[in-house]
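Peer 1: Okay, here's the structure, questions in a sec.
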Amino acid sequence: MKIMKYIFLFVMIVLGFYACKEQGRFEIGYSDSEPPSPPVYHGVYKPLYGGARLFFDIPSNKDVLSIDASYLNSQGNTVRFSVSYFKDSIDIYGFNDTLEHVVDLYAVDRAGNKSTIVPVTVKPLEPAIMRVVKSLIVKGGFSAFYVDWRNELQQNINVYVDFSYTEKGQFKEQQLIYTSTDSTVRWFIRDLDLTAQEPVSIKVRVEDMYGNITDYIDKGQIIMLEDEIIPKDKWSMPENDGISICDSIGGVPMAFLSAYEGHGQDVIDGIIDDGKNGNFVHTGGRGQTGGIANTRNVPYNIMINLGDEYELSRIITHQRYTHVGGTDLRQDYYGVENVGVYAMYIWDGAADGSEGVWDSVSMHKIPFPVGKGLTDMDYKQAGAAGDMAFLYPDDPKFSKPTRWFRYQALYGFNSNYTNTNCNCLSEITLYGRKKK
């Protein structure tokens, strides 16, 4: 035991020595006027999309804090990158062409002194924003269109969409901007109540965080698909009292929706929770089967009898806005017990649900609001507007005729859409057309 104690003390002394040594690197008020030696560049770099990775040897000076690289971009602004003295490479981005560029590589010490500059000539691959532009897809749907793109480097980019149309003889035009660092994005531009005789003309361009912006790319014209809201006056749902009664359709049990402040019928009554009316459903955590003995929150299923056969096109869902005791402006939107990911099914079988199967349609993740400096009011407005999804997002179309629709809650918003505590929902609204 004594030997182990001595070993432990020795290790602590050594660690303390190096900690003090490193702490000296960051002394407050430290100053000198002697610049560090420059990093040693051996002429090796790796071309990147819109950039390059430079490899170097770190100078031997003990007070070096970082290795920096900078260049003058096409707008006349200096773009600078920095890595700690632990690194032996540095990535630089923001070039808007594939020509040769000269980059200044240098070391900086803790007093702010810069070494002499090592000029490095690089030739980047295709600019990152051009790759985003090439991936852009615009597709028309039901009273909306969407823009898809890929952002492999996950850089902060702005996508500008300019669109114009003539509605009831009046010309209109808009510009919208979407900011994102996600690798894949689908952006819906919705609530365009246009007919097939009122096409939309669309142009897009992409801007990166380094000041580069593409020319406008003409995406031509798209035609809106027409549908209508399905009236709820004949809607109904199977029973589940949370104790013993639990009706099933096709072997799938109906969820219990009336725990705590929740009321089962509130999800199909056309009234959106506004924080005052308490209009939402709550499973109380009894999701998997709906029975009182169940302890799993998800999945749970809400099955709706539409009262007649319809061909479905899209869905709009509204989250619960507030819970008992909620006080802030944003309240529960995009968090606290709301559903963030759900699946959709339609019934292929007898109208009374006695025989048939559930056909899987698609799964949808409600996008989290994005943008710089979003306020609680922005979240509130986005949540109050509801989230729209096409039943067939990659190829917008009507479903085959069905009398039953099934909504299956899978995950909440928290923990990057892995939270299973998503007990609440305010409203489900469906669009389509009556069976022809």
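Going through the structure tokens in order, the chains are called A, B, and so on, while each chain numbers its residues from 1 and the ligands are numbered from 1 in the order shown.
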Output as a ChimeraX atom specification all residues of stretch 42-253 of chain A that backbone DSSP marks as helix (DSSP H, G or I).
Peer 2: /A:128-135
Peer 1: For A:Gly251, please output as an MDAnalysis selection string all residues within 10 Å (counting only C-alpha atoms; exclusion window: fewer than 5 positions along the same chain).
Peer 2: chainID A and resid 353:358
Peer 1: How would the residues just picked look written out with N, CA and C atoms as a PDB file, in the first residue's frame?
Peer 2:
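To be explicit, this is the file written out as out_21.pdb:
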```
ATOM      1  N   GLY A 353     -63.044  -1.228 -40.027  1.00  0.00           N
ATOM      2  CA  GLY A 353     -61.775  -1.612 -39.414  1.00  0.00           C
ATOM      3  C   GLY A 353     -61.677  -3.068 -39.026  1.00  0.00           C
ATOM      4  N   SER A 354     -62.655  -3.858 -39.408  1.00  0.00           N
ATOM      5  CA  SER A 354     -62.663  -5.267 -38.987  1.00  0.00           C
ATOM      6  C   SER A 354     -61.642  -6.106 -39.751  1.00  0.00           C
ATOM      7  N   GLU A 355     -61.417  -5.785 -41.011  1.00  0.00           N
ATOM      8  CA  GLU A 355     -60.464  -6.527 -41.826  1.00  0.00           C
ATOM      9  C   GLU A 355     -59.645  -5.547 -42.668  1.00  0.00           C
ATOM     10  N   GLY A 356     -58.341  -5.818 -42.752  1.00  0.00           N
ATOM     11  CA  GLY A 356     -57.475  -4.961 -43.549  1.00  0.00           C
ATOM     12  C   GLY A 356     -56.100  -4.823 -42.926  1.00  0.00           C
ATOM     13  N   VAL A 357     -55.308  -3.926 -43.484  1.00  0.00           N
ATOM     14  CA  VAL A 357     -53.950  -3.691 -42.982  1.00  0.00           C
ATOM     15  C   VAL A 357     -53.662  -2.196 -42.995  1.00  0.00           C
ATOM     16  N   TRP A 358     -52.719  -1.794 -42.154  1.00  0.00           N
ATOM     17  CA  TRP A 358     -52.233  -0.414 -42.149  1.00  0.00           C
ATOM     18  C   TRP A 358     -51.084  -0.284 -43.139  1.00  0.00           C
TER      19      TRP A 358
END
```
Peer 1: Can you list, as a compact mmCIF listing (two decimals) with C-alpha atoms, in the first residue's frame, every protein, DNA or RNA residue that comes within 7 Å of stretch 368-375 of chain A when you count only C-alpha atoms, leaving out same-chain residues fewer than 4 positions away?
Peer 2:
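The result, written out as result.txt:
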```txt
# COMPACT_ATOMS: atom_id res chain seq x y z
CA THR A 179 -29.92 30.07 -42.78
CA SER A 180 -28.59 26.65 -41.86
CA TYR A 334 -40.37 22.75 -29.69
CA TYR A 379 -40.65 30.39 -31.64
```
Peer 1: Out of A:Tyr210, A:Phe56, A:Tyr85, A:Tyr45, which residue has the shortest atom-to-atom distance to A:Asn73 when counting only C-alpha atoms?
Peer 2: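 Looking at the shortest contact to A:Asn73, the residue is A:Tyr210.
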Peer 1: Residues at most 12 Å from stretch 259-270 of chain A, counting only C-alpha atoms, excluding those fewer than 3 positions away in the same chain, as a PyMOL selection string?
Peer 2: chain A and resi 229-243+254-256+273+277-287+290+292+302-306+316-320+322-324+407+423-430
Peer 1: Leaving out A:Ala69 and any residue of its chain fewer than 3 positions from it, which residues lie within 7 Å of it when counting only C-alpha atoms, given as a compact mmCIF listing (two decimals) with N, CA, C and O atoms, in the first residue's frame?
Peer 2:
```
# COMPACT_ATOMS: atom_id res chain seq x y z
N ARG A 80 -9.39 35.14 -41.79
CA ARG A 80 -8.36 34.61 -40.91
C ARG A 80 -8.82 33.31 -40.24
O ARG A 80 -9.98 33.18 -39.85
N PHE A 81 -7.91 32.37 -40.08
CA PHE A 81 -8.16 31.11 -39.40
C PHE A 81 -7.06 30.88 -38.37
O PHE A 81 -5.93 31.36 -38.53
N SER A 82 -7.37 30.13 -37.32
CA SER A 82 -6.39 29.92 -36.25
C SER A 82 -6.59 28.55 -35.61
O SER A 82 -7.73 28.08 -35.47
N VAL A 103 -1.71 32.18 -49.40
CA VAL A 103 -2.14 32.25 -48.00
C VAL A 103 -0.95 32.60 -47.13
O VAL A 103 0.15 32.07 -47.33
N ASP A 104 -1.14 33.51 -46.17
CA ASP A 104 -0.09 33.86 -45.21
C ASP A 104 -0.17 32.93 -44.01
O ASP A 104 -1.21 32.89 -43.32
N LEU A 105 0.90 32.19 -43.74
CA LEU A 105 0.97 31.27 -42.61
C LEU A 105 1.97 31.82 -41.60
O LEU A 105 3.10 32.19 -41.96
N TYR A 106 1.58 31.90 -40.31
CA TYR A 106 2.49 32.47 -39.31
C TYR A 106 2.11 31.98 -37.90
O TYR A 106 1.01 31.44 -37.69
```
Peer 1: List the spatial neighbours of A:Ser74 as a list of chain:residue names - criterion: any atom at most 9 Å away, only C-alpha atoms, same-chain residues fewer than 3 positions off excluded.
Peer 2: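 Once the nearby chain positions are removed, what remains is A:Asn77, A:Phe95, A:Asn96, A:Gly211, A:Asn212.
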Peer 1: Using all heavy atoms, can you export the residues from the last selection as a short mmCIF file (atom, residue, chain, number, x, y, z; two decimals), in the first residue's frame?
Peer 2:
```cif
data_model
loop_
_atom_site.label_atom_id
_atom_site.label_comp_id
_atom_site.auth_asym_id
_atom_site.auth_seq_id
_atom_site.Cartn_x
_atom_site.Cartn_y
_atom_site.Cartn_z
N ASN A 77 -11.56 41.79 -48.26
CA ASN A 77 -11.56 41.59 -46.81
C ASN A 77 -10.58 40.48 -46.42
O ASN A 77 -10.40 39.51 -47.17
CB ASN A 77 -12.96 41.22 -46.32
CG ASN A 77 -13.98 42.31 -46.63
OD1 ASN A 77 -13.69 43.49 -46.47
ND2 ASN A 77 -15.16 41.91 -47.10
N PHE A 95 -12.71 30.29 -50.46
CA PHE A 95 -12.32 30.65 -51.83
C PHE A 95 -13.51 30.46 -52.76
O PHE A 95 -14.26 29.49 -52.64
CB PHE A 95 -11.14 29.80 -52.30
CG PHE A 95 -9.89 30.00 -51.48
CD1 PHE A 95 -9.33 28.96 -50.77
CD2 PHE A 95 -9.28 31.24 -51.44
CE1 PHE A 95 -8.19 29.14 -50.02
CE2 PHE A 95 -8.13 31.44 -50.68
CZ PHE A 95 -7.58 30.38 -49.97
N ASN A 96 -13.67 31.37 -53.70
CA ASN A 96 -14.84 31.31 -54.58
C ASN A 96 -14.51 30.84 -56.00
O ASN A 96 -15.29 31.04 -56.92
CB ASN A 96 -15.54 32.66 -54.63
CG ASN A 96 -14.66 33.76 -55.22
OD1 ASN A 96 -13.50 33.52 -55.55
ND2 ASN A 96 -15.22 34.96 -55.35
N GLY A 211 -18.64 35.84 -47.30
CA GLY A 211 -19.01 36.93 -48.19
C GLY A 211 -19.18 36.54 -49.63
O GLY A 211 -19.48 37.39 -50.48
N ASN A 212 -19.01 35.27 -49.97
CA ASN A 212 -19.21 34.81 -51.35
C ASN A 212 -20.69 34.55 -51.60
O ASN A 212 -21.39 34.00 -50.75
CB ASN A 212 -18.42 33.52 -51.60
CG ASN A 212 -16.94 33.70 -51.36
OD1 ASN A 212 -16.32 34.62 -51.87
ND2 ASN A 212 -16.36 32.81 -50.56
#
```
Peer 1: Do you have, as a Markdown table, the list of residues of stretch 195-219 of chain A lying at most 10 Å from stretch 132-139 of chain A, each with its nearest atom pair and that distance in Å to one decimal, counting only C-alpha atoms and ordered by chain then number?
Peer 2:
```
| residue | atom | partner | partner_atom | distance |
| --- | --- | --- | --- | --- |
| A:Ile202 | CA | A:Val138 | CA | 8.4 |
| A:Lys203 | CA | A:Val138 | CA | 9.7 |
| A:Val204 | CA | A:Val133 | CA | 8.4 |
| A:Arg205 | CA | A:Val133 | CA | 7.2 |
| A:Val206 | CA | A:Val133 | CA | 6.6 |
| A:Glu207 | CA | A:Val132 | CA | 9.8 |
| A:Thr214 | CA | A:Val133 | CA | 8.2 |
| A:Asp215 | CA | A:Val133 | CA | 9.9 |
| A:Tyr216 | CA | A:Val133 | CA | 9.8 |
| A:Ile217 | CA | A:Val133 | CA | 8.3 |
| A:Lys219 | CA | A:Val138 | CA | 7.1 |
```
Peer 1: Produce a file of the selected residues containing C-alpha atoms, as a short mmCIF file (atom, residue, chain, number, x, y, z; two decimals), in the first residue's frame.
Peer 2:
```cif
data_model
loop_
_atom_site.label_atom_id
_atom_site.label_comp_id
_atom_site.auth_asym_id
_atom_site.auth_seq_id
_atom_site.Cartn_x
_atom_site.Cartn_y
_atom_site.Cartn_z
CA ILE A 202 -38.53 30.75 -58.80
CA LYS A 203 -34.88 31.87 -58.62
CA VAL A 204 -32.34 30.83 -55.97
CA ARG A 205 -28.84 31.83 -54.90
CA VAL A 206 -26.48 30.81 -52.09
CA GLU A 207 -24.24 32.88 -49.80
CA THR A 214 -23.59 32.97 -56.31
CA ASP A 215 -25.49 34.46 -59.21
CA TYR A 216 -29.21 33.76 -59.33
CA ILE A 217 -30.12 30.37 -60.76
CA LYS A 219 -35.48 27.26 -61.46
#
```
